[in-house]
file my_file_22.cif (mmCIF, C-alpha atoms)
data_data
loop_
_atom_site.label_atom_id
_atom_site.label_comp_id
_atom_site.auth_asym_id
_atom_site.auth_seq_id
_atom_site.Cartn_x
_atom_site.Cartn_y
_atom_site.Cartn_z
CA MET A 859 21.10 41.83 54.07
CA THR A 860 23.82 40.37 51.93
CA THR A 861 22.55 36.82 52.34
CA GLN A 862 18.98 37.95 51.57
CA THR A 863 20.07 39.55 48.31
CA SER A 864 22.06 36.56 47.21
CA ASN A 865 19.07 34.28 48.04
CA ALA A 866 16.71 36.44 46.02
CA ARG A 867 19.15 36.41 43.13
CA ARG A 868 19.52 32.63 43.39
CA VAL A 869 15.76 32.12 43.38
CA PHE A 870 15.44 34.48 40.40
CA LEU A 871 18.14 32.62 38.47
CA GLN A 872 16.53 29.28 39.27
CA LYS A 873 13.15 30.51 38.04
CA LEU A 874 14.77 32.00 34.95
CA LEU A 875 16.41 28.67 34.16
CA ALA A 876 13.20 26.71 34.69
CA GLY A 877 11.18 29.18 32.63
CA GLY A 878 13.76 29.16 29.86
CA ALA A 879 13.77 25.37 29.77
CA ALA A 880 9.98 25.28 29.61
CA ALA A 881 9.94 27.84 26.81
CA GLY A 882 12.60 25.90 24.97
CA MET A 883 10.62 22.67 25.29
CA PHE A 884 7.53 24.44 23.99
CA MET A 885 9.41 25.78 20.98
CA VAL A 886 10.81 22.37 20.11
CA TYR A 887 7.57 20.45 20.66
CA ARG A 888 5.22 23.24 19.69
CA GLN A 889 2.93 21.29 17.38
CA PRO A 890 1.85 18.50 19.74
CA VAL A 891 1.33 21.01 22.55
CA VAL A 892 -0.85 23.25 20.36
CA ALA A 893 -2.75 20.22 19.08
CA ALA A 894 -3.32 19.01 22.63
CA LEU A 895 -4.52 22.45 23.68
CA LYS A 896 -6.85 22.71 20.70
CA GLY A 897 -8.41 19.33 21.42
CA ALA A 898 -8.40 16.04 19.54
CA ASP A 899 -10.11 17.22 16.31
CA LYS A 900 -6.98 16.69 14.23
CA THR A 901 -6.47 13.10 15.31
CA ALA A 902 -10.16 12.38 14.92
CA GLN A 903 -10.02 13.56 11.30
CA ALA A 904 -6.91 11.57 10.59
CA ALA A 905 -8.59 8.46 11.97
CA GLY A 906 -11.52 9.06 9.61
CA HIS A 907 -9.96 8.34 6.22
CA ASP A 908 -6.55 7.63 4.83
CA TYR A 909 -6.94 7.21 1.11
CA ALA A 910 -4.65 5.37 -1.27
CA PHE A 911 -4.65 4.42 -4.93
CA VAL A 912 -3.65 1.11 -6.48
CA VAL A 913 -2.60 0.60 -10.11
CA ASP A 914 -2.38 -2.96 -11.41
CA VAL A 915 -0.01 -2.86 -14.38
CA ASN A 916 -0.93 -6.42 -15.36
CA ARG A 917 -4.54 -5.41 -15.94
CA CYS A 918 -4.10 -2.21 -17.96
CA ILE A 919 -5.11 -2.64 -21.61
CA GLY A 920 -4.20 0.91 -22.67
CA CYS A 921 -7.70 1.78 -23.87
CA GLY A 922 -7.47 5.39 -22.70
CA GLN A 923 -10.90 5.46 -21.03
CA CYS A 924 -9.37 6.80 -17.81
CA VAL A 925 -7.61 9.68 -19.56
CA ARG A 926 -10.76 10.65 -21.43
CA ALA A 927 -12.95 10.44 -18.32
CA CYS A 928 -10.45 12.52 -16.33
CA SER A 929 -10.32 15.21 -19.00
CA ILE A 930 -14.11 15.42 -19.14
CA GLU A 931 -14.63 15.31 -15.38
CA ASN A 932 -12.01 17.90 -14.55
CA ASP A 933 -12.17 20.06 -17.66
CA VAL A 934 -8.48 19.46 -18.36
CA PRO A 935 -7.23 21.54 -21.32
CA GLU A 936 -6.45 19.68 -24.53
CA GLY A 937 -2.83 18.63 -24.65
CA GLN A 938 -2.47 18.62 -20.86
CA TYR A 939 -3.11 15.57 -18.72
CA ARG A 940 -3.82 14.91 -15.06
CA THR A 941 -3.41 11.20 -15.73
CA TRP A 942 -1.88 9.46 -18.69
CA ILE A 943 -0.82 6.02 -19.91
CA GLU A 944 2.72 5.15 -20.91
CA ARG A 945 3.58 2.22 -23.12
CA TYR A 946 6.90 0.55 -22.42
CA VAL A 947 8.62 -1.60 -25.02
CA VAL A 948 11.72 -3.25 -23.60
CA THR A 949 14.23 -4.39 -26.23
CA PRO A 950 17.85 -5.56 -25.93
CA ASP A 951 18.96 -2.15 -27.26
CA GLY A 952 16.99 -0.10 -24.77
CA VAL A 953 13.59 0.85 -23.50
CA HIS A 954 11.12 2.67 -25.73
CA VAL A 955 8.38 4.64 -24.00
CA ASP A 956 5.56 6.45 -25.75
CA SER A 957 2.32 8.08 -24.73
CA PRO A 958 0.58 9.58 -27.79
CA GLN A 959 -1.79 12.28 -26.50
CA GLY A 960 -1.41 10.79 -23.05
CA GLY A 961 -2.86 7.54 -24.38
CA MET A 962 -6.21 9.32 -24.45
CA TYR A 963 -7.30 7.72 -27.70
CA GLY A 964 -5.57 4.40 -27.16
CA PHE A 965 -2.47 3.20 -28.96
CA ASP A 966 -1.56 2.06 -32.46
CA GLU A 967 0.33 -1.21 -32.69
CA VAL A 968 4.06 -1.08 -31.93
CA ASP A 969 6.25 -0.61 -35.04
CA GLU A 970 6.97 -3.95 -36.66
CA GLY A 971 10.73 -3.66 -36.27
CA LEU A 972 10.40 -2.81 -32.61
CA ALA A 973 7.78 -5.51 -32.05
CA GLY A 974 10.18 -8.13 -33.35
CA GLU A 975 12.83 -7.12 -30.82
CA ALA A 976 10.49 -6.63 -27.88
CA ILE A 977 11.36 -8.67 -24.80
CA ASN A 978 8.54 -7.21 -22.76
CA THR A 979 5.88 -4.60 -23.38
CA PHE A 980 3.13 -3.25 -21.16
CA PHE A 981 1.11 -0.17 -20.24
CA VAL A 982 1.67 1.92 -17.12
CA PRO A 983 -1.02 4.38 -16.01
CA LYS A 984 0.40 7.40 -14.21
CA LEU A 985 -1.19 10.02 -11.99
CA CYS A 986 -0.42 12.14 -8.95
CA ASN A 987 0.99 9.94 -6.20
CA HIS A 988 -0.43 12.12 -3.40
CA CYS A 989 2.82 11.68 -1.51
CA ALA A 990 2.77 11.78 2.27
CA GLU A 991 6.08 13.67 2.06
CA ALA A 992 5.30 15.70 -1.03
CA PRO A 993 8.12 17.83 -2.47
CA CYS A 994 5.58 20.07 -4.22
CA ILE A 995 4.13 21.13 -0.87
CA GLN A 996 7.52 21.93 0.58
CA VAL A 997 8.43 24.31 -2.24
CA CYS A 998 5.15 26.22 -2.51
CA PRO A 999 6.02 29.75 -1.36
CA VAL A 1000 2.45 30.81 -0.56
CA GLY A 1001 0.91 27.70 1.00
CA ALA A 1002 -1.42 27.16 -1.96
CA THR A 1003 -0.71 23.44 -2.10
CA TYR A 1004 -1.22 21.18 0.85
CA ARG A 1005 -2.17 17.68 1.93
CA SER A 1006 -5.66 17.38 3.32
CA PRO A 1007 -6.22 15.35 6.51
CA GLU A 1008 -7.59 12.48 4.37
CA GLY A 1009 -4.48 12.34 2.19
CA PHE A 1010 -5.37 14.42 -0.88
CA VAL A 1011 -2.60 16.65 -2.16
CA LEU A 1012 -4.54 19.65 -3.47
CA VAL A 1013 -4.03 23.06 -5.02
CA ASP A 1014 -5.97 26.04 -3.67
CA PRO A 1015 -7.02 27.73 -6.93
CA GLU A 1016 -7.61 31.08 -5.24
CA HIS A 1017 -4.25 31.17 -3.55
CA CYS A 1018 -1.94 29.76 -6.24
CA ILE A 1019 0.17 32.41 -7.94
CA GLY A 1020 1.32 30.14 -10.78
CA CYS A 1021 5.02 30.38 -10.00
CA SER A 1022 5.47 26.74 -11.08
CA TYR A 1023 8.01 25.86 -8.40
CA CYS A 1024 5.87 22.81 -7.67
CA VAL A 1025 5.91 21.78 -11.33
CA GLN A 1026 9.69 21.58 -11.12
CA ALA A 1027 9.71 19.96 -7.69
CA CYS A 1028 7.46 17.00 -8.53
CA PRO A 1029 9.68 13.99 -9.30
CA TYR A 1030 6.81 12.35 -11.21
CA GLY A 1031 6.01 15.22 -13.57
CA VAL A 1032 2.32 15.16 -12.67
CA ARG A 1033 1.94 18.91 -12.26
CA PHE A 1034 1.47 21.47 -15.01
CA ILE A 1035 0.38 25.06 -15.36
CA ASN A 1036 -3.19 25.04 -16.66
CA LYS A 1037 -2.99 26.95 -19.92
CA TYR A 1038 -6.30 28.73 -19.35
CA LYS A 1039 -6.34 29.23 -15.58
CA HIS A 1040 -2.61 29.99 -15.33
CA ILE A 1041 -2.30 28.17 -12.03
CA ALA A 1042 -0.82 24.84 -11.02
CA ASP A 1043 -3.04 21.91 -11.94
CA LYS A 1044 -2.82 18.22 -11.13
CA CYS A 1045 -4.78 15.08 -10.33
CA THR A 1046 -6.87 15.54 -7.18
CA TRP A 1047 -7.95 11.89 -6.94
CA CYS A 1048 -11.26 13.57 -7.81
CA TYR A 1049 -11.57 15.12 -4.36
CA HIS A 1050 -14.99 16.51 -5.28
CA ARG A 1051 -16.26 13.04 -6.16
CA VAL A 1052 -14.76 11.26 -3.18
CA SER A 1053 -16.17 13.86 -0.79
CA GLN A 1054 -19.60 12.89 -2.19
CA GLY A 1055 -18.96 9.19 -1.69
CA LYS A 1056 -18.07 8.41 -5.31
CA LEU A 1057 -14.91 6.95 -6.78
CA PRO A 1058 -12.48 9.00 -8.86
CA ALA A 1059 -13.57 9.28 -12.51
CA CYS A 1060 -10.70 7.15 -13.84
CA VAL A 1061 -11.46 4.37 -11.35
CA THR A 1062 -15.17 4.53 -12.24
CA VAL A 1063 -14.56 3.97 -15.94
CA CYS A 1064 -11.59 1.60 -15.90
CA PRO A 1065 -13.01 -1.48 -17.69
CA THR A 1066 -10.45 -3.92 -16.27
CA GLN A 1067 -10.20 -2.61 -12.69
CA ALA A 1068 -6.56 -1.77 -13.25
CA ARG A 1069 -7.18 1.29 -11.08
CA MET A 1070 -8.43 0.97 -7.52
CA PHE A 1071 -9.09 3.57 -4.88
CA GLY A 1072 -10.05 3.26 -1.26
CA ASP A 1073 -9.48 3.89 2.40
CA LEU A 1074 -6.53 2.27 4.13
CA ASN A 1075 -8.36 2.61 7.44
CA ASP A 1076 -11.07 0.28 6.16
CA PRO A 1077 -9.51 -3.20 6.49
CA ASP A 1078 -11.97 -4.65 3.93
CA SER A 1079 -11.09 -2.21 1.18
CA GLN A 1080 -9.13 -3.41 -1.83
CA VAL A 1081 -6.34 -0.92 -1.21
CA ALA A 1082 -5.95 -2.01 2.41
CA ARG A 1083 -5.72 -5.63 1.30
CA VAL A 1084 -3.16 -4.74 -1.35
CA ARG A 1085 -1.05 -2.87 1.17
CA GLU A 1086 -1.39 -5.74 3.62
CA ALA A 1087 -0.29 -8.27 0.96
CA ASP A 1088 2.90 -6.20 0.69
CA ASN A 1089 3.71 -7.09 -2.93
CA TRP A 1090 3.37 -3.54 -4.21
CA ASP A 1091 5.92 -1.02 -5.40
CA VAL A 1092 5.95 2.73 -5.69
CA LEU A 1093 7.43 4.87 -8.43
CA LYS A 1094 10.86 6.32 -7.62
CA PRO A 1095 11.19 4.95 -4.08
CA GLU A 1096 14.61 6.59 -3.94
CA ALA A 1097 12.86 9.99 -3.84
CA HIS A 1098 11.46 9.12 -0.38
CA THR A 1099 8.19 10.84 -1.13
CA GLU A 1100 6.05 8.23 0.66
CA SER A 1101 3.93 7.84 -2.46
CA MET A 1102 0.34 6.76 -1.83
CA CYS A 1103 -0.09 5.20 -5.29
CA LEU A 1104 0.77 1.54 -4.92
CA TYR A 1105 1.67 -0.29 -8.13
CA LEU A 1106 1.11 -3.99 -8.61
CA GLY A 1107 3.26 -5.91 -11.11
CA LEU A 1108 5.50 -2.92 -11.72
CA PRO A 1109 8.58 -3.94 -13.73
CA ARG A 1110 11.79 -2.41 -12.42
CA VAL A 1111 12.44 -0.70 -15.74
CA VAL A 1112 9.59 1.76 -15.12
CA VAL A 1113 10.62 5.24 -14.02
CA MET B 604 13.54 75.78 13.57
CA ASN B 605 12.59 76.82 17.06
CA GLY B 606 10.78 73.56 17.86
CA SER B 607 11.89 70.87 20.25
CA PRO B 608 15.44 69.63 19.78
CA ARG B 609 14.00 66.04 19.73
CA SER B 610 11.47 66.70 16.97
CA HIS B 611 13.38 64.54 14.48
CA ILE B 612 12.95 61.60 16.85
CA TYR B 613 9.21 62.22 17.15
CA ARG B 614 8.90 62.41 13.37
CA LEU B 615 10.74 59.13 13.06
CA LEU B 616 8.44 57.50 15.65
CA VAL B 617 5.34 58.73 13.83
CA LEU B 618 6.72 57.39 10.57
CA LEU B 619 7.45 54.02 12.19
CA VAL B 620 3.92 53.82 13.59
CA ILE B 621 2.46 54.59 10.16
CA ILE B 622 4.65 51.96 8.49
CA GLY B 623 3.76 49.42 11.19
CA ALA B 624 0.04 50.08 10.87
CA GLY B 625 0.27 49.90 7.09
CA PHE B 626 2.09 46.58 7.26
CA ALA B 627 -0.46 45.17 9.69
CA ALA B 628 -3.33 46.31 7.46
CA VAL B 629 -1.83 44.85 4.29
CA ARG B 630 -0.96 41.63 6.10
CA SER B 631 -4.46 41.16 7.50
CA LEU B 632 -5.93 41.75 4.02
CA ALA B 633 -3.49 39.36 2.36
CA ILE B 634 -4.08 36.45 4.73
CA PRO B 635 -7.33 34.64 3.93
CA ASP B 636 -9.98 34.38 6.66
CA SER B 637 -9.71 30.64 7.12
CA TRP B 638 -5.93 30.51 6.99
CA ASP B 639 -4.54 27.88 9.34
CA ASN B 640 -1.05 28.79 10.42
CA GLU B 641 -0.32 25.31 11.76
CA LYS B 642 -1.37 23.40 8.65
CA PHE B 643 -0.33 26.33 6.46
CA TYR B 644 -3.24 26.34 4.03
CA ARG B 645 -6.63 27.94 3.55
CA VAL B 646 -9.03 25.47 5.18
CA ASP B 647 -12.04 26.77 3.21
CA SER B 648 -10.38 25.72 -0.04
CA LEU B 649 -11.41 22.13 0.78
CA ASP B 650 -15.06 23.17 0.62
CA ASP B 651 -14.43 25.21 -2.53
CA LEU B 652 -12.82 22.24 -4.25
CA SER B 653 -15.59 19.85 -3.24
CA LEU B 654 -18.11 22.04 -5.08
CA GLN B 655 -16.76 21.08 -8.50
CA PRO B 656 -19.66 19.57 -10.49
CA LEU B 657 -19.70 15.88 -11.35
CA ARG B 658 -19.66 14.90 -14.99
CA ILE B 659 -19.11 11.15 -14.80
CA GLY B 660 -21.99 9.60 -12.87
CA GLY B 661 -20.93 5.98 -12.51
CA ASN B 662 -23.22 2.99 -13.02
CA GLU B 663 -25.19 3.69 -9.85
CA ALA B 664 -26.38 6.95 -11.43
CA CYS B 665 -27.59 5.07 -14.52
CA ALA B 666 -29.44 2.43 -12.50
CA GLY B 667 -32.23 4.96 -12.27
CA ALA B 668 -32.04 6.61 -8.88
CA GLY B 669 -32.98 10.00 -10.29
CA CYS B 670 -34.99 9.13 -13.39
CA HIS B 671 -38.55 10.47 -13.28
CA ASP B 672 -39.82 8.51 -16.28
CA SER B 673 -40.87 5.08 -15.01
CA GLN B 674 -40.49 3.44 -18.42
CA GLY B 675 -36.98 4.78 -18.79
CA LEU B 676 -36.26 3.75 -15.23
CA ALA B 677 -37.31 0.14 -15.90
CA LYS B 678 -35.19 0.03 -19.04
CA HIS B 679 -32.13 1.34 -17.24
CA GLU B 680 -32.60 -1.04 -14.32
CA GLU B 681 -32.98 -4.02 -16.62
CA ARG B 682 -29.82 -3.12 -18.53
CA PHE B 683 -27.98 -2.44 -15.29
CA ASN B 684 -28.90 -5.82 -13.82
CA ALA B 685 -28.13 -7.68 -17.05
CA LEU B 686 -24.76 -5.99 -17.34
CA ALA B 687 -23.90 -6.81 -13.74
CA LYS B 688 -24.16 -10.54 -14.46
CA GLY B 689 -22.40 -10.65 -17.82
CA SER B 690 -18.82 -10.74 -18.99
CA HIS B 691 -18.88 -6.96 -19.42
CA SER B 692 -19.81 -6.46 -15.75
CA GLY B 693 -16.64 -4.49 -15.09
CA LEU B 694 -17.61 -1.80 -17.55
CA ALA B 695 -19.15 1.55 -16.80
CA CYS B 696 -22.21 2.53 -18.86
CA GLU B 697 -20.32 5.71 -19.68
CA ASN B 698 -17.49 3.76 -21.30
CA CYS B 699 -19.64 3.40 -24.40
CA HIS B 700 -22.57 5.76 -23.86
CA GLY B 701 -20.68 8.94 -23.02
CA PRO B 702 -20.53 10.98 -19.82
CA LEU B 703 -23.68 11.35 -17.71
CA SER B 704 -23.49 15.15 -17.86
CA ASP B 705 -24.08 15.01 -21.64
CA HIS B 706 -27.26 13.01 -21.03
CA VAL B 707 -28.67 14.33 -17.75
CA SER B 708 -28.17 17.73 -16.22
CA ASP B 709 -29.80 19.05 -13.02
CA GLY B 710 -31.82 15.85 -12.81
CA ARG B 711 -33.30 16.40 -16.28
CA ARG B 712 -32.56 14.59 -19.51
CA VAL B 713 -30.84 16.99 -21.87
CA ALA B 714 -29.97 14.63 -24.74
CA SER B 715 -30.04 10.98 -25.69
CA ALA B 716 -27.17 8.93 -24.42
CA LEU B 717 -24.60 8.20 -27.07
CA ILE B 718 -25.12 4.97 -29.02
CA ASN B 719 -22.03 4.06 -30.98
CA ARG B 720 -22.34 0.98 -33.19
CA GLU B 721 -18.93 1.33 -34.85
CA ASN B 722 -16.52 -1.54 -34.41
CA THR B 723 -13.82 1.01 -33.57
CA LEU B 724 -15.53 1.36 -30.19
CA CYS B 725 -15.08 -2.38 -29.52
CA LEU B 726 -11.56 -2.39 -30.88
CA GLY B 727 -10.60 0.43 -28.54
CA CYS B 728 -10.32 -2.31 -25.92
CA HIS B 729 -10.31 -5.53 -27.97
CA GLY B 730 -8.11 -4.50 -30.87
CA PRO B 731 -4.98 -6.65 -30.92
CA LEU B 732 -2.02 -4.86 -29.32
CA LEU B 733 1.24 -6.49 -28.37
CA SER B 734 1.38 -4.57 -25.10
CA ARG B 735 -2.00 -5.75 -23.82
CA PRO B 736 -2.09 -8.49 -21.19
CA LYS B 737 -1.99 -11.86 -22.94
CA ASP B 738 -5.08 -13.14 -21.12
CA PHE B 739 -7.21 -10.19 -22.24
CA PRO B 740 -9.55 -11.11 -25.14
CA GLN B 741 -8.28 -9.39 -28.27
CA PHE B 742 -9.62 -9.77 -31.81
CA ASN B 743 -8.16 -12.82 -33.46
CA ALA B 744 -9.22 -13.75 -36.99
CA GLU B 745 -7.93 -17.28 -36.39
CA ASN B 746 -10.19 -18.23 -33.49
CA THR B 747 -13.04 -20.68 -34.04
CA GLY B 748 -15.99 -18.40 -34.71
CA HIS B 749 -14.06 -15.75 -36.57
CA TRP B 750 -12.24 -18.33 -38.66
CA TYR B 751 -15.40 -20.27 -39.50
CA PHE B 752 -17.31 -17.19 -40.63
CA ASP B 753 -14.30 -15.56 -42.25
CA VAL B 754 -14.58 -12.52 -39.96
CA GLU B 755 -12.11 -9.73 -40.72
CA ILE B 756 -11.18 -7.08 -38.17
CA THR B 757 -13.20 -4.54 -40.17
CA ALA B 758 -16.47 -6.49 -39.75
CA PRO B 759 -19.18 -4.99 -37.53
CA CYS B 760 -18.82 -6.76 -34.16
CA ARG B 761 -22.50 -6.21 -33.40
CA ASP B 762 -23.58 -8.59 -36.17
CA CYS B 763 -22.76 -11.45 -33.81
CA HIS B 764 -21.97 -10.00 -30.39
CA ASP B 765 -24.39 -8.23 -28.09
CA PRO B 766 -22.26 -5.45 -26.57
CA HIS B 767 -24.10 -5.81 -23.25
CA GLU B 768 -23.23 -9.52 -23.16
CA PRO B 769 -20.72 -10.30 -25.89
CA ARG B 770 -20.46 -13.95 -24.91
CA HIS B 771 -24.18 -14.48 -25.19
CA ARG B 772 -25.14 -17.60 -27.06
CA ALA B 773 -28.27 -16.26 -28.75
CA ALA B 774 -26.45 -14.28 -31.38
CA LEU B 775 -24.15 -17.20 -32.03
CA ARG B 776 -26.99 -19.71 -32.21
CA ASP B 777 -28.66 -17.60 -34.89
CA MET B 778 -25.46 -17.79 -36.85
CA GLY B 779 -25.27 -21.56 -36.45
CA ALA B 780 -22.16 -21.28 -34.32
CA LEU B 781 -23.36 -23.95 -31.91
CA GLU B 782 -23.00 -26.52 -34.67
CA VAL B 783 -19.50 -25.22 -35.20
CA GLU B 784 -18.79 -25.89 -31.57
CA SER B 785 -19.93 -29.51 -31.81
CA GLU B 786 -18.07 -30.00 -35.11
CA ILE B 787 -14.77 -28.65 -33.92
CA GLY B 788 -15.09 -29.28 -30.22
CA ALA B 789 -13.23 -27.39 -27.60
CA THR B 790 -10.14 -25.65 -28.86
CA GLU B 791 -7.14 -24.43 -27.01
CA GLN B 792 -7.87 -20.83 -27.97
CA PRO B 793 -9.22 -19.24 -24.82
CA HIS B 794 -11.28 -16.53 -26.52
CA ALA B 795 -13.06 -18.98 -28.81
CA ALA B 796 -13.72 -21.40 -26.01
CA SER B 797 -15.16 -18.83 -23.69
CA GLU B 798 -17.15 -17.27 -26.51
CA VAL B 799 -19.18 -20.33 -27.38
CA ALA B 800 -19.04 -22.12 -24.07
CA GLN B 801 -21.62 -21.31 -21.44
#
call {"tool": "encode", "arguments": {"input": "my_file_22.cif", "output": "structure tokens"}}
result
Amino acid sequence: MTTQTSNARRVFLQKLLAGGAAAGMFMVYRQPVVAALKGADKTAQAAGHDYAFVVDVNRCIGCGQCVRACSIENDVPEGQYRTWIERYVVTPDGVHVDSPQGGMYGFDEVDEGLAGEAINTFFVPKLCNHCAEAPCIQVCPVGATYRSPEGFVLVDPEHCIGCSYCVQACPYGVRFINKYKHIADKCTWCYHRVSQGKLPACVTVCPTQARMFGDLNDPDSQVARVREADNWDVLKPEAHTESMCLYLGLPRVVV
Amino acid sequence: MNGSPRSHIYRLLVLLVIIGAGFAAVRSLAIPDSWDNEKFYRVDSLDDLSLQPLRIGGNEACAGAGCHDSQGLAKHEERFNALAKGSHSGLACENCHGPLSDHVSDGRRVASALINRENTLCLGCHGPLLSRPKDFPQFNAENTGHWYFDVEITAPCRDCHDPHEPRHRAALRDMGALEVESEIGATEQPHAASEVAQ
């Protein structure tokens, strides 16, 4: 009687331990288990496309076509920009950066005094970096911003409450609160165009091919070749955002 | 007063059930239908976002895929093919002629495409700016053709340059520039050289 009871208790404790361990394992590795149970759809999608953007600083002429096309395509309010061009003028006294109206209507010549001192001067197009580890997604309290399986960081216009946490979280300053829609707005890499097989508007109109867009999973694409060549930089690598906008010829002075 | 001594507990339970049901109802209404708890976003928003209308068509749209007028189609195709071979091959039609949506809407022509003959359009890219890449052709009054004909930056570019092929010889031949080339010979100025050379 006594031995029977102690055996039953031992078996119960053993089962409890095993069950607890299994439950613990499931809690720690929940995502892969759920994904495995749901089937391979997630991995299949990820294998489909993995988009990236390339900006060649050496090719940008600061004409502003990209900014204008973006504003038209995406109905961006005047005075707000999903993409913009910065002009850097590096002098011995410091770095001067300007971007009149986002560079939308091009640039006037650099002031004569400044031009005389300039060591280096160039244009840098900026846009959302569609980071693989995006800070804006982490801070969104309602799950209105997310990264699609193909690598687009997007805002769900119906779900966004316009709290602007993401605007503050973005290290690149690419987000803003749309002054008419009162929700977070940013470059989408023209998701609507790409999903129809077209290139983003800014890439379409760039007259010098300073902007490139493509699929990293396609080894023949320009972006895949650029990444392979391994001579690219990203903006603010110290932020560890895993930016998907690769810059070519990016001087170190650019922030 | 003369009810069950545990009635306060029953009332509390009923209240808890009502609160619980209310919470569940509000929660189910607040969470969108296609909410994915793993990915933590509304999956349908991808479809919603992809419905945004296109306004920039790209050159392939101008090549005539949707144009019903065969004459217009031929004209567009000819331009498209000519542009693809020339020094302006990297340009989009819409760079100079305005967005497609201002010209065609729902497959129908709504207005003429923009034709801008101002030199400010050309100078938007080719105006001299210190910050532009040094190998990009920028207006230079000192280069062979411009110097020979005394061309100021305010002059209409179209008088000599065909915007669809600005390096085309025909316009230059009319101006007698080919004689200039033989007189002066090749110069070290890259723009001038490429302008008159084949």
call {"tool": "interface_residues", "arguments": {"input": "my_file_22.cif", "of": "chain A", "to": "chain B", "cutoff": "6 Å", "atoms": "only C-alpha atoms", "output": "JSON, numbers by chain"}}
result
{"A": [919, 921, 931, 967, 979, 980, 1001, 1014, 1050, 1062, 1063, 1065]}
call {"tool": "closest_residue", "arguments": {"input": "my_file_22.cif", "among": "B:Leu717, B:Leu686, B:Gly710, B:Pro759", "to": "His771 (chain B)", "atoms": "all atoms listed in the file"}}
result
B:Leu686
call {"tool": "axis_aligned_box", "arguments": {"input": "my_file_22.cif", "around": "region 955-958 of chain A", "padding_each_side": "8 Å", "output": "JSON"}}
result
{"center_x": 4.5, "center_y": 7.1, "center_z": -25.9, "size_x": 23.8, "size_y": 20.9, "size_z": 19.8}
call {"tool": "resolve_selection", "arguments": {"input": "my_file_22.cif", "expression": "the PyMOL selection byres ((chain A and resi 944) around 12)", "output": "PyMOL selection string"}}
result
(chain A and resi 915+918-922+925+941-943+945-947+953-962+964-965+979-985+1112-1113) or (chain B and resi 734)
call {"tool": "write_last_selection", "arguments": {"input": "my_file_22.cif", "atoms": "C-alpha atoms", "output": "short mmCIF file (atom, residue, chain, number, x, y, z; two decimals), keeping the file's coordinate frame"}}
result
data_model
loop_
_atom_site.label_atom_id
_atom_site.label_comp_id
_atom_site.auth_asym_id
_atom_site.auth_seq_id
_atom_site.Cartn_x
_atom_site.Cartn_y
_atom_site.Cartn_z
CA VAL A 915 -0.01 -2.86 -14.38
CA CYS A 918 -4.10 -2.21 -17.96
CA ILE A 919 -5.11 -2.64 -21.61
CA GLY A 920 -4.20 0.91 -22.67
CA CYS A 921 -7.70 1.78 -23.87
CA GLY A 922 -7.47 5.39 -22.70
CA VAL A 925 -7.61 9.68 -19.56
CA THR A 941 -3.41 11.20 -15.73
CA TRP A 942 -1.88 9.46 -18.69
CA ILE A 943 -0.82 6.02 -19.91
CA ARG A 945 3.58 2.22 -23.12
CA TYR A 946 6.90 0.55 -22.42
CA VAL A 947 8.62 -1.60 -25.02
CA VAL A 953 13.59 0.85 -23.50
CA HIS A 954 11.12 2.67 -25.73
CA VAL A 955 8.38 4.64 -24.00
CA ASP A 956 5.56 6.45 -25.75
CA SER A 957 2.32 8.08 -24.73
CA PRO A 958 0.58 9.58 -27.79
CA GLN A 959 -1.79 12.28 -26.50
CA GLY A 960 -1.41 10.79 -23.05
CA GLY A 961 -2.86 7.54 -24.38
CA MET A 962 -6.21 9.32 -24.45
CA GLY A 964 -5.57 4.40 -27.16
CA PHE A 965 -2.47 3.20 -28.96
CA THR A 979 5.88 -4.60 -23.38
CA PHE A 980 3.13 -3.25 -21.16
CA PHE A 981 1.11 -0.17 -20.24
CA VAL A 982 1.67 1.92 -17.12
CA PRO A 983 -1.02 4.38 -16.01
CA LYS A 984 0.40 7.40 -14.21
CA LEU A 985 -1.19 10.02 -11.99
CA VAL A 1112 9.59 1.76 -15.12
CA VAL A 1113 10.62 5.24 -14.02
CA SER B 734 1.38 -4.57 -25.10
#
call {"tool": "residues_around", "arguments": {"input": "my_file_22.cif", "residues": "Asp933 (chain A)", "least_positions_apart": "4", "cutoff": "12 Å", "atoms": "only C-alpha atoms", "output": "number ranges by chain"}}
result
A: 925-929, 937-940, 1036-1039, 1043-1045, 1048; B: 655-659
call {"tool": "atom_distance", "arguments": {"input": "my_file_22.cif", "atom1": "CA of Ile756 (chain B)", "atom2": "CA of Cys1064 (chain A)"}}
result
23.9 Å
call {"tool": "atom_distance", "arguments": {"input": "my_file_22.cif", "atom1": "CA of Gly1009 (chain A)", "atom2": "CA of Tyr909 (chain A)"}}
result
5.8 Å
call {"tool": "closest_residue", "arguments": {"input": "my_file_22.cif", "among": "B:Ile622, B:Ala758, B:Val707, B:Ile612", "to": "Ala664 (chain B)", "atoms": "all atoms listed in the file"}}
result
B:Val707
call {"tool": "closest_residue", "arguments": {"input": "my_file_22.cif", "among": "A:Ser1006, A:Pro993, A:Asp1091, A:Cys924", "to": "Ser1053 (chain A)", "atoms": "all atoms listed in the file"}}
result
A:Ser1006
call {"tool": "atom_distance", "arguments": {"input": "my_file_22.cif", "atom1": "CA of Ser715 (chain B)", "atom2": "CA of Gln674 (chain B)"}}
result
14.8 Å
call {"tool": "residues_around", "arguments": {"input": "my_file_22.cif", "residues": "region 1082-1089 of chain A", "least_positions_apart": "5", "cutoff": "8 Å", "atoms": "all atoms listed in the file", "output": "mmCIF file with C-alpha atoms, in the coordinates of the input"}}
result
data_model
loop_
_atom_site.group_PDB
_atom_site.id
_atom_site.type_symbol
_atom_site.label_atom_id
_atom_site.label_comp_id
_atom_site.auth_asym_id
_atom_site.auth_seq_id
_atom_site.Cartn_x
_atom_site.Cartn_y
_atom_site.Cartn_z
ATOM 1 C CA VAL A 912 -3.650 1.110 -6.480
ATOM 2 C CA GLY A 1072 -10.050 3.260 -1.260
ATOM 3 C CA ASP A 1073 -9.480 3.890 2.400
ATOM 4 C CA LEU A 1074 -6.530 2.270 4.130
ATOM 5 C CA ASN A 1075 -8.360 2.610 7.440
ATOM 6 C CA ASP A 1076 -11.070 0.280 6.160
ATOM 7 C CA PRO A 1077 -9.510 -3.200 6.490
ATOM 8 C CA LEU A 1104 0.770 1.540 -4.920
ATOM 9 C CA LEU A 1106 1.110 -3.990 -8.610
#
